[in-house]
>>> print(open('data.txt').read())   # compact mmCIF, N, CA and C atoms
# COMPACT_ATOMS: atom_id res chain seq x y z
N MET U 35 -17.46 -7.78 4.83
CA MET U 35 -16.10 -8.27 4.92
C MET U 35 -15.17 -7.09 5.20
N ASN U 36 -14.23 -7.28 6.09
CA ASN U 36 -13.29 -6.23 6.45
C ASN U 36 -12.19 -6.09 5.41
N TYR U 37 -11.70 -4.89 5.29
CA TYR U 37 -10.56 -4.61 4.43
C TYR U 37 -9.33 -5.14 5.17
N GLU U 38 -8.66 -6.11 4.62
CA GLU U 38 -7.52 -6.75 5.28
C GLU U 38 -6.27 -5.88 5.20
N GLN U 39 -5.46 -5.93 6.24
CA GLN U 39 -4.24 -5.13 6.27
C GLN U 39 -3.30 -5.47 5.13
N CYS U 40 -3.28 -6.72 4.72
CA CYS U 40 -2.40 -7.14 3.62
C CYS U 40 -2.80 -6.53 2.28
N ASP U 41 -4.03 -6.02 2.19
CA ASP U 41 -4.53 -5.46 0.94
C ASP U 41 -4.27 -3.97 0.80
N TYR U 42 -3.77 -3.30 1.84
CA TYR U 42 -3.56 -1.86 1.75
C TYR U 42 -2.61 -1.55 0.60
N PRO U 43 -2.99 -0.57 -0.22
CA PRO U 43 -2.12 -0.18 -1.34
C PRO U 43 -1.00 0.74 -0.87
N ILE U 44 0.21 0.47 -1.34
CA ILE U 44 1.34 1.32 -1.02
C ILE U 44 2.11 1.67 -2.28
N GLY U 45 2.74 2.83 -2.25
CA GLY U 45 3.55 3.29 -3.36
C GLY U 45 5.03 3.31 -3.00
N VAL U 46 5.81 3.96 -3.83
CA VAL U 46 7.27 3.99 -3.67
C VAL U 46 7.68 4.54 -2.30
N ASN U 47 7.06 5.64 -1.86
CA ASN U 47 7.45 6.22 -0.57
C ASN U 47 7.18 5.28 0.58
N GLU U 48 6.01 4.63 0.56
CA GLU U 48 5.67 3.71 1.63
C GLU U 48 6.57 2.47 1.62
N ILE U 49 6.93 2.01 0.43
CA ILE U 49 7.85 0.88 0.32
C ILE U 49 9.20 1.25 0.93
N SER U 50 9.67 2.47 0.66
CA SER U 50 10.96 2.90 1.21
C SER U 50 10.91 2.94 2.73
N ILE U 51 9.80 3.38 3.29
CA ILE U 51 9.64 3.40 4.75
C ILE U 51 9.64 1.97 5.28
N LEU U 52 8.87 1.11 4.65
CA LEU U 52 8.75 -0.27 5.10
C LEU U 52 10.09 -1.00 5.10
N LEU U 53 10.89 -0.76 4.06
CA LEU U 53 12.13 -1.51 3.91
C LEU U 53 13.37 -0.77 4.42
N GLY U 54 13.18 0.47 4.89
CA GLY U 54 14.30 1.22 5.45
C GLY U 54 15.32 1.65 4.42
N VAL U 55 14.84 2.02 3.23
CA VAL U 55 15.73 2.52 2.17
C VAL U 55 15.20 3.85 1.66
N LYS U 56 15.96 4.51 0.83
CA LYS U 56 15.52 5.78 0.25
C LYS U 56 14.50 5.52 -0.87
N PRO U 57 13.58 6.46 -1.08
CA PRO U 57 12.64 6.32 -2.20
C PRO U 57 13.35 6.14 -3.54
N SER U 58 14.50 6.78 -3.70
CA SER U 58 15.25 6.65 -4.96
C SER U 58 15.74 5.21 -5.17
N THR U 59 16.02 4.51 -4.08
CA THR U 59 16.43 3.10 -4.19
C THR U 59 15.28 2.27 -4.71
N VAL U 60 14.09 2.50 -4.15
CA VAL U 60 12.91 1.76 -4.61
C VAL U 60 12.64 2.07 -6.09
N SER U 61 12.77 3.33 -6.46
CA SER U 61 12.57 3.71 -7.88
C SER U 61 13.57 3.00 -8.78
N GLN U 62 14.82 2.90 -8.34
CA GLN U 62 15.83 2.20 -9.14
C GLN U 62 15.51 0.71 -9.26
N TRP U 63 15.00 0.10 -8.19
CA TRP U 63 14.58 -1.29 -8.29
C TRP U 63 13.51 -1.44 -9.36
N GLY U 64 12.62 -0.45 -9.43
CA GLY U 64 11.57 -0.49 -10.45
C GLY U 64 12.14 -0.36 -11.86
N VAL U 65 13.08 0.55 -12.04
CA VAL U 65 13.71 0.75 -13.34
C VAL U 65 14.45 -0.52 -13.76
N ARG U 66 15.08 -1.17 -12.81
CA ARG U 66 15.85 -2.39 -13.11
C ARG U 66 14.99 -3.65 -13.13
N LYS U 67 13.68 -3.46 -12.97
CA LYS U 67 12.72 -4.58 -12.99
C LYS U 67 12.95 -5.56 -11.84
N ASN U 68 13.47 -5.05 -10.71
CA ASN U 68 13.68 -5.89 -9.54
C ASN U 68 12.43 -6.00 -8.66
N LEU U 69 11.56 -4.99 -8.75
CA LEU U 69 10.32 -5.03 -7.97
C LEU U 69 9.33 -5.99 -8.60
N PRO U 70 8.42 -6.53 -7.79
CA PRO U 70 7.35 -7.34 -8.40
C PRO U 70 6.46 -6.44 -9.25
N SER U 71 5.71 -7.03 -10.14
CA SER U 71 4.77 -6.25 -10.95
C SER U 71 3.79 -5.55 -10.02
N PRO U 72 3.42 -4.31 -10.34
CA PRO U 72 2.47 -3.60 -9.48
C PRO U 72 1.13 -4.34 -9.46
N ASP U 73 0.43 -4.20 -8.35
CA ASP U 73 -0.90 -4.79 -8.24
C ASP U 73 -1.95 -3.89 -8.90
N ALA U 74 -1.59 -2.61 -9.10
CA ALA U 74 -2.50 -1.68 -9.77
C ALA U 74 -1.70 -0.54 -10.37
N LEU U 75 -2.20 -0.02 -11.48
CA LEU U 75 -1.67 1.18 -12.10
C LEU U 75 -2.81 2.19 -12.09
N VAL U 76 -2.56 3.36 -11.52
CA VAL U 76 -3.59 4.39 -11.44
C VAL U 76 -3.03 5.69 -11.99
N GLY U 77 -3.88 6.70 -12.09
CA GLY U 77 -3.43 7.99 -12.60
C GLY U 77 -2.94 7.89 -14.02
N GLY U 78 -3.70 7.17 -14.86
CA GLY U 78 -3.29 7.02 -16.25
C GLY U 78 -2.07 6.14 -16.42
N GLY U 79 -1.81 5.29 -15.46
CA GLY U 79 -0.65 4.40 -15.52
C GLY U 79 0.61 5.01 -14.97
N ASN U 80 0.52 6.25 -14.46
CA ASN U 80 1.71 6.94 -13.94
C ASN U 80 2.05 6.58 -12.51
N THR U 81 1.10 6.05 -11.77
CA THR U 81 1.32 5.71 -10.37
C THR U 81 1.15 4.21 -10.19
N LYS U 82 2.18 3.59 -9.66
CA LYS U 82 2.13 2.15 -9.40
C LYS U 82 1.79 1.92 -7.94
N LEU U 83 0.93 0.94 -7.69
CA LEU U 83 0.56 0.57 -6.33
C LEU U 83 0.75 -0.92 -6.14
N TRP U 84 1.19 -1.28 -4.96
CA TRP U 84 1.35 -2.68 -4.60
C TRP U 84 0.57 -2.92 -3.32
N ARG U 85 0.11 -4.14 -3.14
CA ARG U 85 -0.46 -4.54 -1.86
C ARG U 85 0.71 -4.73 -0.89
N ILE U 86 0.49 -4.40 0.38
CA ILE U 86 1.54 -4.58 1.38
C ILE U 86 2.07 -6.01 1.33
N GLU U 87 1.17 -6.97 1.20
CA GLU U 87 1.58 -8.37 1.20
C GLU U 87 2.51 -8.68 0.03
N SER U 88 2.25 -8.12 -1.14
CA SER U 88 3.10 -8.36 -2.30
C SER U 88 4.53 -7.91 -2.04
N ILE U 89 4.67 -6.71 -1.48
CA ILE U 89 6.00 -6.15 -1.21
C ILE U 89 6.68 -6.90 -0.07
N LEU U 90 5.93 -7.21 0.97
CA LEU U 90 6.51 -7.92 2.11
C LEU U 90 7.03 -9.30 1.70
N ASN U 91 6.24 -10.03 0.92
CA ASN U 91 6.68 -11.35 0.44
C ASN U 91 7.92 -11.23 -0.45
N TRP U 92 7.89 -10.25 -1.36
CA TRP U 92 9.02 -10.04 -2.26
C TRP U 92 10.28 -9.66 -1.47
N ALA U 93 10.13 -8.72 -0.54
CA ALA U 93 11.29 -8.25 0.24
C ALA U 93 11.87 -9.38 1.08
N SER U 94 11.01 -10.19 1.66
CA SER U 94 11.49 -11.30 2.49
C SER U 94 12.21 -12.35 1.66
N SER U 95 11.70 -12.60 0.45
CA SER U 95 12.31 -13.63 -0.39
C SER U 95 13.59 -13.17 -1.09
N THR U 96 13.81 -11.85 -1.16
CA THR U 96 14.99 -11.34 -1.84
C THR U 96 16.03 -10.74 -0.89
N GLY U 97 15.80 -10.86 0.42
CA GLY U 97 16.74 -10.34 1.39
C GLY U 97 16.70 -8.83 1.55
N ARG U 98 15.60 -8.21 1.12
CA ARG U 98 15.49 -6.75 1.22
C ARG U 98 14.62 -6.30 2.40
N ASN U 99 14.20 -7.23 3.22
CA ASN U 99 13.36 -6.90 4.39
C ASN U 99 14.27 -6.44 5.52
N ASN U 100 14.85 -5.24 5.34
CA ASN U 100 15.86 -4.71 6.27
C ASN U 100 15.32 -4.49 7.68
N ASN U 101 14.03 -4.25 7.81
CA ASN U 101 13.43 -4.01 9.12
C ASN U 101 12.89 -5.29 9.75
N ASN U 102 13.12 -6.42 9.09
CA ASN U 102 12.66 -7.73 9.59
C ASN U 102 11.18 -7.72 9.97
N VAL U 103 10.37 -7.13 9.12
CA VAL U 103 8.93 -7.07 9.35
C VAL U 103 8.36 -8.46 9.14
N LYS U 104 7.58 -8.94 10.11
CA LYS U 104 7.12 -10.33 10.11
C LYS U 104 5.78 -10.54 9.42
N ASP U 105 4.89 -9.54 9.46
CA ASP U 105 3.56 -9.73 8.88
C ASP U 105 2.97 -8.39 8.43
N CYS U 106 1.80 -8.47 7.82
CA CYS U 106 1.17 -7.27 7.25
C CYS U 106 0.79 -6.26 8.32
N GLU U 107 0.35 -6.73 9.47
CA GLU U 107 -0.01 -5.81 10.55
C GLU U 107 1.20 -5.00 10.98
N GLN U 108 2.31 -5.67 11.18
CA GLN U 108 3.53 -4.97 11.57
C GLN U 108 3.98 -4.03 10.45
N ALA U 109 3.86 -4.47 9.21
CA ALA U 109 4.25 -3.63 8.07
C ALA U 109 3.44 -2.33 8.05
N LEU U 110 2.14 -2.46 8.20
CA LEU U 110 1.28 -1.28 8.19
C LEU U 110 1.62 -0.37 9.37
N ASN U 111 1.91 -0.94 10.52
CA ASN U 111 2.29 -0.14 11.68
C ASN U 111 3.59 0.61 11.45
N VAL U 112 4.56 -0.03 10.79
CA VAL U 112 5.84 0.63 10.48
C VAL U 112 5.59 1.84 9.57
N ILE U 113 4.79 1.63 8.55
CA ILE U 113 4.51 2.71 7.59
C ILE U 113 3.76 3.85 8.28
N LEU U 114 2.69 3.53 8.99
CA LEU U 114 1.88 4.56 9.62
C LEU U 114 2.64 5.29 10.73
N ALA U 115 3.44 4.57 11.49
CA ALA U 115 4.22 5.21 12.56
C ALA U 115 5.17 6.24 11.98
N ASP U 116 5.82 5.90 10.87
CA ASP U 116 6.74 6.85 10.23
C ASP U 116 5.97 8.05 9.69
N MET U 117 4.86 7.78 9.05
CA MET U 117 4.07 8.87 8.47
C MET U 117 3.52 9.79 9.56
N MET U 118 3.08 9.21 10.66
CA MET U 118 2.48 10.01 11.72
C MET U 118 3.52 10.77 12.51
N SER U 119 4.79 10.39 12.41
CA SER U 119 5.83 11.13 13.10
C SER U 119 6.16 12.42 12.36
N MET U 120 5.67 12.53 11.14
CA MET U 120 5.88 13.76 10.38
C MET U 120 5.02 14.87 10.98
N SER U 121 5.48 16.08 10.86
CA SER U 121 4.71 17.20 11.38
C SER U 121 3.46 17.47 10.54
N GLU U 122 3.40 16.92 9.37
CA GLU U 122 2.28 17.17 8.47
C GLU U 122 1.37 15.96 8.41
N ALA U 123 0.84 15.54 9.57
CA ALA U 123 0.00 14.35 9.64
C ALA U 123 -1.25 14.48 8.76
N GLN U 124 -1.75 15.68 8.59
CA GLN U 124 -2.93 15.86 7.75
C GLN U 124 -2.62 15.55 6.30
N LEU U 125 -1.42 15.87 5.85
CA LEU U 125 -1.03 15.53 4.48
C LEU U 125 -0.95 14.02 4.31
N THR U 126 -0.49 13.34 5.35
CA THR U 126 -0.42 11.88 5.33
C THR U 126 -1.82 11.30 5.15
N SER U 127 -2.74 11.82 5.92
CA SER U 127 -4.12 11.36 5.83
C SER U 127 -4.67 11.61 4.43
N ALA U 128 -4.38 12.76 3.87
CA ALA U 128 -4.84 13.07 2.52
C ALA U 128 -4.22 12.13 1.50
N ARG U 129 -2.95 11.78 1.69
CA ARG U 129 -2.29 10.84 0.77
C ARG U 129 -2.97 9.48 0.83
N TRP U 130 -3.27 9.00 2.04
CA TRP U 130 -3.96 7.72 2.17
C TRP U 130 -5.33 7.77 1.53
N ASP U 131 -6.01 8.91 1.70
CA ASP U 131 -7.33 9.05 1.06
C ASP U 131 -7.19 8.97 -0.45
N ARG U 132 -6.17 9.63 -1.00
CA ARG U 132 -5.97 9.61 -2.45
C ARG U 132 -5.61 8.21 -2.93
N LEU U 133 -4.72 7.53 -2.20
CA LEU U 133 -4.38 6.16 -2.57
C LEU U 133 -5.61 5.25 -2.51
N SER U 134 -6.43 5.47 -1.49
CA SER U 134 -7.66 4.68 -1.36
C SER U 134 -8.58 4.91 -2.54
N ASP U 135 -8.74 6.18 -2.91
CA ASP U 135 -9.60 6.51 -4.05
C ASP U 135 -9.06 5.91 -5.34
N ASP U 136 -7.74 6.00 -5.53
CA ASP U 136 -7.11 5.42 -6.73
C ASP U 136 -7.30 3.91 -6.76
N TRP U 137 -7.13 3.27 -5.61
CA TRP U 137 -7.28 1.82 -5.52
C TRP U 137 -8.71 1.42 -5.86
N ASN U 138 -9.68 2.15 -5.32
CA ASN U 138 -11.08 1.85 -5.60
C ASN U 138 -11.40 2.07 -7.07
N SER U 139 -10.84 3.11 -7.66
CA SER U 139 -11.04 3.35 -9.10
C SER U 139 -10.53 2.18 -9.92
N TYR U 140 -9.35 1.73 -9.58
CA TYR U 140 -8.76 0.58 -10.27
C TYR U 140 -9.66 -0.64 -10.12
N ARG U 141 -10.07 -0.93 -8.89
CA ARG U 141 -10.93 -2.10 -8.65
C ARG U 141 -12.23 -1.99 -9.43
N GLN U 142 -12.81 -0.80 -9.46
CA GLN U 142 -14.06 -0.60 -10.19
C GLN U 142 -13.84 -0.82 -11.69
N ASN U 143 -12.76 -0.29 -12.22
CA ASN U 143 -12.45 -0.47 -13.64
C ASN U 143 -12.21 -1.93 -14.01
N MET U 144 -11.72 -2.71 -13.05
CA MET U 144 -11.47 -4.13 -13.29
C MET U 144 -12.70 -4.98 -13.01
N GLY U 145 -13.81 -4.34 -12.64
CA GLY U 145 -15.04 -5.08 -12.35
C GLY U 145 -15.02 -5.76 -11.00
N LEU U 146 -14.16 -5.29 -10.10
CA LEU U 146 -14.05 -5.88 -8.76
C LEU U 146 -14.84 -5.03 -7.76
N GLU U 147 -15.14 -5.64 -6.63
CA GLU U 147 -15.84 -4.90 -5.59
C GLU U 147 -14.93 -3.81 -5.05
N THR U 148 -15.54 -2.69 -4.70
CA THR U 148 -14.78 -1.58 -4.12
C THR U 148 -14.98 -1.55 -2.62
N TYR U 149 -14.11 -0.83 -1.96
CA TYR U 149 -14.17 -0.68 -0.52
C TYR U 149 -14.77 0.68 -0.20
N SER U 150 -15.52 0.76 0.86
CA SER U 150 -16.06 2.06 1.28
C SER U 150 -15.33 2.51 2.53
N LYS U 151 -14.99 3.77 2.57
CA LYS U 151 -14.30 4.32 3.73
C LYS U 151 -15.29 4.39 4.89
N ASP U 152 -14.81 4.07 6.06
CA ASP U 152 -15.70 4.19 7.22
C ASP U 152 -15.30 5.42 8.03
N VAL U 153 -16.00 5.64 9.13
CA VAL U 153 -15.78 6.85 9.92
C VAL U 153 -14.41 6.89 10.57
N TYR U 154 -13.70 5.78 10.60
CA TYR U 154 -12.38 5.75 11.22
C TYR U 154 -11.27 6.06 10.22
N ARG U 155 -11.63 6.32 8.98
CA ARG U 155 -10.70 6.73 7.93
C ARG U 155 -9.59 5.70 7.73
N ASN U 156 -9.93 4.42 7.76
CA ASN U 156 -8.91 3.38 7.63
C ASN U 156 -9.08 2.59 6.34
N LEU U 157 -9.62 3.19 5.32
CA LEU U 157 -9.93 2.59 4.04
C LEU U 157 -11.18 1.71 4.11
N GLY U 158 -11.66 1.43 5.30
CA GLY U 158 -12.98 0.85 5.48
C GLY U 158 -13.14 -0.61 5.18
N SER U 159 -14.33 -0.94 4.76
CA SER U 159 -14.70 -2.31 4.49
C SER U 159 -15.68 -2.32 3.33
N TYR U 160 -16.00 -3.49 2.88
CA TYR U 160 -17.02 -3.59 1.85
C TYR U 160 -17.99 -4.68 2.22
N ASP U 161 -19.20 -4.58 1.71
CA ASP U 161 -20.23 -5.56 1.99
C ASP U 161 -20.37 -6.48 0.80
N GLU U 162 -20.42 -7.78 1.09
CA GLU U 162 -20.63 -8.75 0.03
C GLU U 162 -22.11 -8.78 -0.32
N GLU U 163 -22.38 -8.86 -1.62
CA GLU U 163 -23.76 -8.99 -2.04
C GLU U 163 -24.20 -10.41 -1.80
N GLU U 164 -25.43 -10.55 -1.33
CA GLU U 164 -25.97 -11.88 -1.05
C GLU U 164 -26.42 -12.53 -2.33
>>> encode(input="data.txt", output="structure tokens")
Amino acid sequence: MNYEQCDYPIGVNEISILLGVKPSTVSQWGVRKNLPSPDALVGGGNTKLWRIESILNWASSTGRNNNNVKDCEQALNVILADMMSMSEAQLTSARWDRLSDDWNSYRQNMGLETYSKDVYRNLGSYDEEE
């Protein structure tokens, strides 16, 4: 089974890119309990992660979808395009790798199937057990 674009984990910085706001705005939404509950807590509970779909649905229903992103594919493209426009593309790749590892750790701790990274470095896919 393929890793679906709607399942990609994103943090505060990626949410700010997706919605066209500052990271501090996203953090304030979290402090004020305006954000949806995180889909995962990693790093000892210090890092919150959401699925792209969770944030996109929330932003669309609350009028915060400033970039008028229509679906998960477009959302992921907005995030990656912004990240890749940075001069430090390798750091971006490392951040995605770290988020992927954190997400897999969370899934493993919850007794859920984990995803394996493939050669294209896109968080990969996982195989269903027969």
>>> atom_distance(input="data.txt", atom1="CA of Val55 in chain U", atom2="atom N of Ser134 in chain U")
22.7 Å
>>> atom_distance(input="data.txt", atom1="CA of Arg66 in chain U", atom2="CA of Asn111 in chain U")
28.3 Å
>>> atom_distance(input="data.txt", atom1="atom C of Asn68 in chain U", atom2="CA of Tyr149 in chain U")
28.3 Å
>>> closest_residue(input="data.txt", among="U:Lys67, U:Thr148, U:Cys106, U:Arg98", to="Gly54 in chain U", atoms="only N, CA and C atoms")
U:Arg98
>>> closest_residue(input="data.txt", among="U:Val76, U:Val65, U:Leu133, U:Asn143", to="Tyr42 in chain U", atoms="only C-alpha atoms")
U:Leu133
>>> closest_residue(input="data.txt", among="U:Pro70, U:Pro57, U:Gly77, U:Gly64", to="Asp136 in chain U", atoms="all atoms listed in the file")
U:Gly77
>>> residues_around(input="data.txt", residues="Leu75 in chain U", least_positions_apart="6", cutoff="12 Å", atoms="only C-alpha atoms", output="PDB file with N, CA and C atoms, in the frame of the given file")
ATOM      1  N   PRO U  43      -2.990  -0.570  -0.220  1.00  0.00           N
ATOM      2  CA  PRO U  43      -2.120  -0.180  -1.340  1.00  0.00           C
ATOM      3  C   PRO U  43      -1.000   0.740  -0.870  1.00  0.00           C
ATOM      4  N   ILE U  44       0.210   0.470  -1.340  1.00  0.00           N
ATOM      5  CA  ILE U  44       1.340   1.320  -1.020  1.00  0.00           C
ATOM      6  C   ILE U  44       2.110   1.670  -2.280  1.00  0.00           C
ATOM      7  N   GLY U  45       2.740   2.830  -2.250  1.00  0.00           N
ATOM      8  CA  GLY U  45       3.550   3.290  -3.360  1.00  0.00           C
ATOM      9  C   GLY U  45       5.030   3.310  -3.000  1.00  0.00           C
ATOM     10  N   THR U  81       1.100   6.050 -11.770  1.00  0.00           N
ATOM     11  CA  THR U  81       1.320   5.710 -10.370  1.00  0.00           C
ATOM     12  C   THR U  81       1.150   4.210 -10.190  1.00  0.00           C
ATOM     13  N   LYS U  82       2.180   3.590  -9.660  1.00  0.00           N
ATOM     14  CA  LYS U  82       2.130   2.150  -9.400  1.00  0.00           C
ATOM     15  C   LYS U  82       1.790   1.920  -7.940  1.00  0.00           C
ATOM     16  N   LEU U  83       0.930   0.940  -7.690  1.00  0.00           N
ATOM     17  CA  LEU U  83       0.560   0.570  -6.330  1.00  0.00           C
ATOM     18  C   LEU U  83       0.750  -0.920  -6.140  1.00  0.00           C
ATOM     19  N   TRP U  84       1.190  -1.280  -4.960  1.00  0.00           N
ATOM     20  CA  TRP U  84       1.350  -2.680  -4.600  1.00  0.00           C
ATOM     21  C   TRP U  84       0.570  -2.920  -3.320  1.00  0.00           C
ATOM     22  N   ARG U  85       0.110  -4.140  -3.140  1.00  0.00           N
ATOM     23  CA  ARG U  85      -0.460  -4.540  -1.860  1.00  0.00           C
ATOM     24  C   ARG U  85       0.710  -4.730  -0.890  1.00  0.00           C
ATOM     25  N   LEU U 133      -4.720   7.530  -2.200  1.00  0.00           N
ATOM     26  CA  LEU U 133      -4.380   6.160  -2.570  1.00  0.00           C
ATOM     27  C   LEU U 133      -5.610   5.250  -2.510  1.00  0.00           C
ATOM     28  N   ASP U 136      -7.740   6.000  -5.530  1.00  0.00           N
ATOM     29  CA  ASP U 136      -7.110   5.420  -6.730  1.00  0.00           C
ATOM     30  C   ASP U 136      -7.300   3.910  -6.760  1.00  0.00           C
ATOM     31  N   TRP U 137      -7.130   3.270  -5.610  1.00  0.00           N
ATOM     32  CA  TRP U 137      -7.280   1.820  -5.520  1.00  0.00           C
ATOM     33  C   TRP U 137      -8.710   1.420  -5.860  1.00  0.00           C
ATOM     34  N   ASN U 138      -9.680   2.150  -5.320  1.00  0.00           N
ATOM     35  CA  ASN U 138     -11.080   1.850  -5.600  1.00  0.00           C
ATOM     36  C   ASN U 138     -11.400   2.070  -7.070  1.00  0.00           C
ATOM     37  N   SER U 139     -10.840   3.110  -7.660  1.00  0.00           N
ATOM     38  CA  SER U 139     -11.040   3.350  -9.100  1.00  0.00           C
ATOM     39  C   SER U 139     -10.530   2.180  -9.920  1.00  0.00           C
ATOM     40  N   TYR U 140      -9.350   1.730  -9.580  1.00  0.00           N
ATOM     41  CA  TYR U 140      -8.760   0.580 -10.270  1.00  0.00           C
ATOM     42  C   TYR U 140      -9.660  -0.640 -10.120  1.00  0.00           C
ATOM     43  N   ARG U 141     -10.070  -0.930  -8.890  1.00  0.00           N
ATOM     44  CA  ARG U 141     -10.930  -2.100  -8.650  1.00  0.00           C
ATOM     45  C   ARG U 141     -12.230  -1.990  -9.430  1.00  0.00           C
ATOM     46  N   ASN U 143     -12.760  -0.290 -12.220  1.00  0.00           N
ATOM     47  CA  ASN U 143     -12.450  -0.470 -13.640  1.00  0.00           C
ATOM     48  C   ASN U 143     -12.210  -1.930 -14.010  1.00  0.00           C
ATOM     49  N   MET U 144     -11.720  -2.710 -13.050  1.00  0.00           N
ATOM     50  CA  MET U 144     -11.470  -4.130 -13.290  1.00  0.00           C
ATOM     51  C   MET U 144     -12.700  -4.980 -13.010  1.00  0.00           C
TER      52      MET U 144
END
>>> axis_aligned_box(input="data.txt", around="range 63-80 of chain U", padding_each_side="6 Å", output="lines of an AutoDock Vina configuration file")
center_x = 6.0
center_y = 0.3
center_z = -12.1
size_x = 31.7
size_y = 27.3
size_z = 20.6
>>> closest_residue(input="data.txt", among="U:Leu110, U:Cys40, U:Ala115, U:Leu53", to="Gly97 in chain U", atoms="only C-alpha atoms")
U:Leu53
>>> select_by_dssp(input="data.txt", residues="range 49-155 of chain U", states="strand (DSSP E)", output="MDAnalysis selection string")
chainID U and resid 74:76 81:85
>>> residues_around(input="data.txt", residues="Ser94 in chain U", least_positions_apart="6", cutoff="12 Å", atoms="only C-alpha atoms", output="list in words")
Leu52, Leu53, Glu87, Ser88, Asn100, Asn101, Asn102, Val103, Lys104, Asp105 and Ala109 of chain U
>>> decode(input="data.txt", residues="range 83-89 of chain U", atoms="all heavy atoms", output="PDB file, in the first residue's frame")
ATOM      1  N   LEU U  83       2.680  16.804  15.637  1.00  0.00           N
ATOM      2  CA  LEU U  83       2.570  16.556  14.205  1.00  0.00           C
ATOM      3  C   LEU U  83       1.110  16.359  13.838  1.00  0.00           C
ATOM      4  O   LEU U  83       0.346  15.776  14.608  1.00  0.00           O
ATOM      5  CB  LEU U  83       3.357  15.309  13.797  1.00  0.00           C
ATOM      6  CG  LEU U  83       4.872  15.355  13.966  1.00  0.00           C
ATOM      7  CD1 LEU U  83       5.483  14.005  13.616  1.00  0.00           C
ATOM      8  CD2 LEU U  83       5.476  16.450  13.104  1.00  0.00           C
ATOM      9  N   TRP U  84       0.763  16.865  12.677  1.00  0.00           N
ATOM     10  CA  TRP U  84      -0.583  16.690  12.141  1.00  0.00           C
ATOM     11  C   TRP U  84      -0.463  16.071  10.760  1.00  0.00           C
ATOM     12  O   TRP U  84       0.515  16.301  10.049  1.00  0.00           O
ATOM     13  CB  TRP U  84      -1.286  18.039  12.004  1.00  0.00           C
ATOM     14  CG  TRP U  84      -1.596  18.714  13.288  1.00  0.00           C
ATOM     15  CD1 TRP U  84      -2.783  18.676  13.962  1.00  0.00           C
ATOM     16  CD2 TRP U  84      -0.747  19.576  14.058  1.00  0.00           C
ATOM     17  NE1 TRP U  84      -2.717  19.442  15.100  1.00  0.00           N
ATOM     18  CE2 TRP U  84      -1.467  20.000  15.181  1.00  0.00           C
ATOM     19  CE3 TRP U  84       0.574  20.016  13.907  1.00  0.00           C
ATOM     20  CZ2 TRP U  84      -0.930  20.852  16.145  1.00  0.00           C
ATOM     21  CZ3 TRP U  84       1.115  20.847  14.856  1.00  0.00           C
ATOM     22  CH2 TRP U  84       0.367  21.265  15.961  1.00  0.00           C
ATOM     23  N   ARG U  85      -1.472  15.337  10.365  1.00  0.00           N
ATOM     24  CA  ARG U  85      -1.564  14.878   8.985  1.00  0.00           C
ATOM     25  C   ARG U  85      -1.981  16.080   8.139  1.00  0.00           C
ATOM     26  O   ARG U  85      -2.747  16.937   8.596  1.00  0.00           O
ATOM     27  CB  ARG U  85      -2.604  13.758   8.854  1.00  0.00           C
ATOM     28  CG  ARG U  85      -2.210  12.499   9.598  1.00  0.00           C
ATOM     29  CD  ARG U  85      -3.316  11.455   9.645  1.00  0.00           C
ATOM     30  NE  ARG U  85      -3.809  11.127   8.313  1.00  0.00           N
ATOM     31  CZ  ARG U  85      -5.061  11.380   7.891  1.00  0.00           C
ATOM     32  NH1 ARG U  85      -5.950  11.933   8.698  1.00  0.00           N
ATOM     33  NH2 ARG U  85      -5.431  11.048   6.673  1.00  0.00           N
ATOM     34  N   ILE U  86      -1.474  16.150   6.914  1.00  0.00           N
ATOM     35  CA  ILE U  86      -1.849  17.253   6.026  1.00  0.00           C
ATOM     36  C   ILE U  86      -3.369  17.365   5.940  1.00  0.00           C
ATOM     37  O   ILE U  86      -3.929  18.453   5.994  1.00  0.00           O
ATOM     38  CB  ILE U  86      -1.224  17.078   4.625  1.00  0.00           C
ATOM     39  CG1 ILE U  86       0.250  17.451   4.670  1.00  0.00           C
ATOM     40  CG2 ILE U  86      -1.948  17.918   3.585  1.00  0.00           C
ATOM     41  CD1 ILE U  86       0.963  17.341   3.338  1.00  0.00           C
ATOM     42  N   GLU U  87      -4.037  16.229   5.824  1.00  0.00           N
ATOM     43  CA  GLU U  87      -5.492  16.246   5.680  1.00  0.00           C
ATOM     44  C   GLU U  87      -6.172  16.873   6.896  1.00  0.00           C
ATOM     45  O   GLU U  87      -7.140  17.637   6.743  1.00  0.00           O
ATOM     46  CB  GLU U  87      -6.001  14.821   5.474  1.00  0.00           C
ATOM     47  CG  GLU U  87      -7.493  14.751   5.231  1.00  0.00           C
ATOM     48  CD  GLU U  87      -7.936  13.338   4.912  1.00  0.00           C
ATOM     49  OE1 GLU U  87      -7.566  12.399   5.642  1.00  0.00           O
ATOM     50  OE2 GLU U  87      -8.654  13.188   3.919  1.00  0.00           O
ATOM     51  N   SER U  88      -5.677  16.600   8.092  1.00  0.00           N
ATOM     52  CA  SER U  88      -6.270  17.178   9.304  1.00  0.00           C
ATOM     53  C   SER U  88      -6.212  18.699   9.269  1.00  0.00           C
ATOM     54  O   SER U  88      -7.199  19.380   9.579  1.00  0.00           O
ATOM     55  CB  SER U  88      -5.543  16.685  10.558  1.00  0.00           C
ATOM     56  OG  SER U  88      -5.641  15.298  10.693  1.00  0.00           O
ATOM     57  N   ILE U  89      -5.055  19.233   8.901  1.00  0.00           N
ATOM     58  CA  ILE U  89      -4.876  20.687   8.866  1.00  0.00           C
ATOM     59  C   ILE U  89      -5.669  21.303   7.718  1.00  0.00           C
ATOM     60  O   ILE U  89      -6.312  22.339   7.883  1.00  0.00           O
ATOM     61  CB  ILE U  89      -3.380  21.051   8.785  1.00  0.00           C
ATOM     62  CG1 ILE U  89      -2.681  20.672  10.095  1.00  0.00           C
ATOM     63  CG2 ILE U  89      -3.191  22.526   8.462  1.00  0.00           C
ATOM     64  CD1 ILE U  89      -3.220  21.372  11.342  1.00  0.00           C
TER      65      ILE U  89
END
